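Worksheet for the structure shown next.
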Protein chains: 2
Amino acid sequence: MEGNSEIRPVCPLPIAQYPHVVLAHGGGGSLMHQLIESVFARRFSNPALDQRHDGALLELDGVRLAFTTDSYVVRPLFFPGGDIGTLAIYGTVNDLAMCGARPHWLSAGFIIEEGLPMETLERVATSMAQAAAETGVQLVTGDTKVVEKGKGDGLFVNTAGIGIVRHGVRLCPRMVLPGDAVLLSGDVGRHGMAIMSVREGLEFESRIVSDCAPVAHAALALVDAGIEVHCMRDLTRGGLASALNEIASTASVEIRIEEAAVPVSEPVRGACEILGFDPLYVANEGRFVAFVSARDADRALEIVRQSPQGGGACLIGQVAGAHHGIVTLRSRIGTNRILDMLSGEQLPRIC
Amino acid sequence: MEGNSEIRPVCPLPIAQYPHVVLAHGGGGSLMHQLIESVFARRFSNPALDQRHDGALLELDGVRLAFTTDSYVVRPLFFPGGDIGTLAIYGTVNDLAMCGARPHWLSAGFIIEEGLPMETLERVATSMAQAAAETGVQLVTGDTKVVEKGKGDGLFVNTAGIGIVRHGVRLCPRMVLPGDAVLLSGDVGRHGMAIMSVREGLEFESRIVSDCAPVAHAALALVDAGIEVHCMRDLTRGGLASALNEIASTASVEIRIEEAAVPVSEPVRGACEILGFDPLYVANEGRFVAFVSARDADRALEIVRQSPQGGGACLIGQVAGAHHGIVTLRSRIGTNRILDMLSGEQLPRIC
């Protein structure tokens, strides 16, 4: 990104301060962004990559494609509400939908640690097949590698996906405009706290189940209804706060959020309080934000609420004028503070 | 693949005999094929996947795409003639070319072990950028994950790729016909023995350099020249013998190879003799076989020989009648034997 004045560095620390990769470089926060910008983005720069979107938007003989990839390294492989297989399908399907694309085809790459029980692999494959059928995508190509015991961690899965973007649809962070309403599709923090509870063997008052789910139905319903959507982003590593910061930074706007408007379930709030987490930074796997024209906001809300995963949708804020990419949070007691991007690692290997 | 009489099981052993995944399940031979068929293929079955090709051939509003993926877990990350970054680009570019597709866009997913020197990651990224520029592809989307120290092995890279298939081009194993000539693009066994030499610290008389290279130029030159090509396959894990067995099995033909016609360099032959390897099973990363109509064989050979990587190309055999998918090798002394698929693991983590 050298020489591109549109992209400001997300974090002022030079990468040289990190002679080695640390866990936080994969945490979805500012350190990850710094790594991506300094190691990958400046070497691979091209118009599609430089959009900094969940997927690349490509054009070919009048056909518009979205193309995206994610590797999944979640630990444990199975958790309340899903497993690495459902994550690997829904995650990539969701990224395509965030580009306004109808998901069609997925690839799957498996890196298996020697000694993984065959039954575990079969369970994951079954989950993937079910999730693919549910979301209407086909797994059309794949690859299998095995590494020695102690050189992996059971199973890592990569999926890449191709979707079709309808004529006239153009969603990306740079389309976000002052005045846009910010819509959130449901309560936040469930995936991260569900993983946390099983990983640490914690027992909360109620069992917390991941929100892991496809959001393509809700997201594409907005597009299909002709809502003036400017950008959508699913909330994964780094949570709501990091996703909003990414968009504010790329679009060079200020995003103002009402803390009281962001739904957090009681069990998640309680678990976060006990463990010292802020639910705005906790990972989700079935939630997204949509930036829509203010005049379409109520109709957009109604559409998302009618979708399978969108019953808890609400409007949580709006986009203010150009302000060098910050997110501000108005607290329940009326004070304002800047909501930064996650600076380090809140919880590793969440997805 | 249940109920599909066209696909015969490559290996008669039931997967139930392996309660755990072993290294050979990733070795490119019959155990890997058994795993893929029994765990993945029967669950994910669809027309594109069921072609058993290096990539999926997809059609969309008259535009024909190829889509493929590979994960790279090679150890060590750097070897004579390349590194994990060049492999990750060339490997996926080559798979697209084997579908007759012109490679356009790649995704990249990185799974990094905590503690990897930042300099190592930067060297790999530089290699990838150079290899992408060399092969005319763009890295348009990516993902970065970090796992704890001891839960990975430095760096794993996944790439997926999209290419465009010209109208009228249709290459796949089932197009192979009795009478076809079998063309090999160069000498075999260099990549595997190059990896072996550095991994085990062996010193042979001459330094063996991997053949790691893009073959898209040579492969697409055949297509562009109007050669009647029926199938192409690059030779990776499992070597020439396994690639030929895959094709013979899917196409239900007998492939007859002349041992004396398969070029093996002296250093590779010497190293294989010392270590007890058969060069026909050793991995390559810049070689492919093409099945072409007999009447086009000489012209095809001339075209491949004029390409940057094809100077050592030669005709190594032909396809005989339908014979339930076997490969036979006529030795230098005139005897015939069946050349099986690699049954286990010859050398793990070669790519």
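Identifiers in this document derive from the order of the structure tokens: chains are assigned A, B, ..., residues are numbered from 1 separately in each chain, and ligands are numbered from 1 in order of occurrence.
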inquiry  = Using only C-alpha atoms, I'd like every residue of chain A that has an atom within 6 Å of chain B; please write them out as number ranges by chain.
reply    = A: 19-23, 26, 39, 44, 48-49, 55-56, 68-70, 114-118, 122, 129, 140-143, 145-146, 151-153
Residue selection dump (N, CA and C atoms) as a tab-separated table (two decimals), in the first residue's frame:
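Written output follows (result_2.tsv):
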chain	number	residue	atom	x	y	z
A	19	PRO	N	9.96	-9.18	16.08
A	19	PRO	CA	10.83	-10.04	15.27
A	19	PRO	C	10.21	-11.41	15.00
A	20	HIS	N	9.21	-11.77	15.80
A	20	HIS	CA	8.53	-13.05	15.61
A	20	HIS	C	7.02	-12.82	15.59
A	21	VAL	N	6.31	-13.72	14.96
A	21	VAL	CA	4.86	-13.66	14.95
A	21	VAL	C	4.35	-14.06	16.34
A	22	VAL	N	3.42	-13.29	16.87
A	22	VAL	CA	2.81	-13.61	18.17
A	22	VAL	C	1.33	-13.94	17.93
A	23	LEU	N	0.71	-14.55	18.95
A	23	LEU	CA	-0.69	-14.97	18.79
A	23	LEU	C	-1.59	-13.81	18.38
A	26	GLY	N	-2.89	-12.89	14.93
A	26	GLY	CA	-4.04	-13.55	14.31
A	26	GLY	C	-5.34	-13.24	15.01
A	39	VAL	N	3.18	-6.97	5.71
A	39	VAL	CA	3.80	-8.15	5.11
A	39	VAL	C	3.12	-8.52	3.79
A	44	PHE	N	1.29	-7.61	-2.43
A	44	PHE	CA	0.31	-8.21	-3.34
A	44	PHE	C	-0.64	-7.17	-3.94
A	48	ALA	N	-8.44	-5.27	-6.63
A	48	ALA	CA	-9.42	-6.07	-5.88
A	48	ALA	C	-9.01	-6.19	-4.42
A	49	LEU	N	-7.74	-6.52	-4.18
A	49	LEU	CA	-7.26	-6.68	-2.81
A	49	LEU	C	-7.32	-5.36	-2.05
A	55	GLY	N	-14.24	-10.10	0.77
A	55	GLY	CA	-13.90	-10.91	-0.39
A	55	GLY	C	-13.53	-9.99	-1.51
A	56	ALA	N	-13.01	-10.58	-2.59
A	56	ALA	CA	-12.63	-9.78	-3.75
A	56	ALA	C	-13.80	-9.73	-4.72
A	68	THR	N	-13.52	-15.40	-1.95
A	68	THR	CA	-13.04	-15.19	-0.58
A	68	THR	C	-12.44	-16.47	-0.03
A	69	THR	N	-11.64	-16.35	1.01
A	69	THR	CA	-11.08	-17.54	1.67
A	69	THR	C	-10.95	-17.31	3.17
A	70	ASP	N	-11.01	-18.39	3.92
A	70	ASP	CA	-10.71	-18.37	5.35
A	70	ASP	C	-10.15	-19.73	5.75
A	114	GLU	N	-1.52	-36.24	12.05
A	114	GLU	CA	-1.42	-37.70	12.19
A	114	GLU	C	-2.02	-38.13	13.53
A	115	GLY	N	-2.83	-39.16	13.53
A	115	GLY	CA	-3.43	-39.63	14.78
A	115	GLY	C	-4.83	-39.12	15.03
A	116	LEU	N	-5.31	-38.20	14.21
A	116	LEU	CA	-6.70	-37.74	14.38
A	116	LEU	C	-7.63	-38.94	14.23
A	117	PRO	N	-8.56	-39.13	15.17
A	117	PRO	CA	-9.49	-40.25	15.00
A	117	PRO	C	-10.27	-40.09	13.69
A	118	MET	N	-10.36	-41.18	12.94
A	118	MET	CA	-11.10	-41.14	11.67
A	118	MET	C	-12.54	-40.69	11.91
A	122	GLU	N	-14.77	-37.83	10.06
A	122	GLU	CA	-16.07	-38.15	9.44
A	122	GLU	C	-17.18	-37.25	10.00
A	129	ALA	N	-21.07	-31.26	4.94
A	129	ALA	CA	-22.04	-31.61	3.89
A	129	ALA	C	-23.42	-31.06	4.24
A	140	VAL	N	-16.82	-28.28	-4.55
A	140	VAL	CA	-16.51	-28.80	-5.87
A	140	VAL	C	-15.06	-29.23	-6.06
A	141	THR	N	-14.18	-28.87	-5.12
A	141	THR	CA	-12.77	-29.25	-5.27
A	141	THR	C	-12.13	-29.23	-3.89
A	142	GLY	N	-11.09	-30.03	-3.69
A	142	GLY	CA	-10.51	-30.10	-2.35
A	142	GLY	C	-9.09	-30.62	-2.36
A	143	ASP	N	-8.53	-30.67	-1.15
A	143	ASP	CA	-7.15	-31.12	-0.99
A	143	ASP	C	-6.99	-31.64	0.43
A	145	LYS	N	-3.99	-32.86	3.25
A	145	LYS	CA	-2.59	-33.02	3.66
A	145	LYS	C	-2.58	-33.60	5.07
A	146	VAL	N	-1.56	-34.39	5.37
A	146	VAL	CA	-1.39	-34.92	6.72
A	146	VAL	C	-0.01	-34.50	7.22
A	151	LYS	N	2.87	-31.65	14.97
A	151	LYS	CA	3.15	-30.56	14.02
A	151	LYS	C	1.86	-29.88	13.54
A	152	GLY	N	0.75	-30.23	14.16
A	152	GLY	CA	-0.52	-29.60	13.83
A	152	GLY	C	-1.35	-29.62	15.10
A	153	ASP	N	-2.67	-29.52	14.97
A	153	ASP	CA	-3.50	-29.61	16.17
A	153	ASP	C	-4.84	-30.26	15.81
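When CA of His167 in chain A is paired with CA of Gly91 in chain A, their separation reads 24.0 Å.
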inquiry  = If we count only C-alpha atoms and set the cut-off at 12 Å, which residues sit around range 196-206 of chain A, ignoring sequence neighbours fewer than 5 positions away in its own chain? Please answer as a PyMOL selection string.
reply    = chain A and resi 74-81+189-191+265-275+277+282-283+346-351
key: Selected residue of minimal separation from Gly286 in chain B among B:Arg256, B:Arg305, B:Arg233, B:His104, counting only C-alpha atoms   = B:Arg233
Two-atom distance - CA of Leu240 in chain A, CA of Gly312 in chain A (Å) = 15.2 Å
query = Using the chain letters and numbers from this document, which residues of range 159-309 of chain B does DSSP assign to strand (DSSP E), as a ChimeraX atom specification?
reply = /B:159-165,181-184,229-234,254-258,288-292
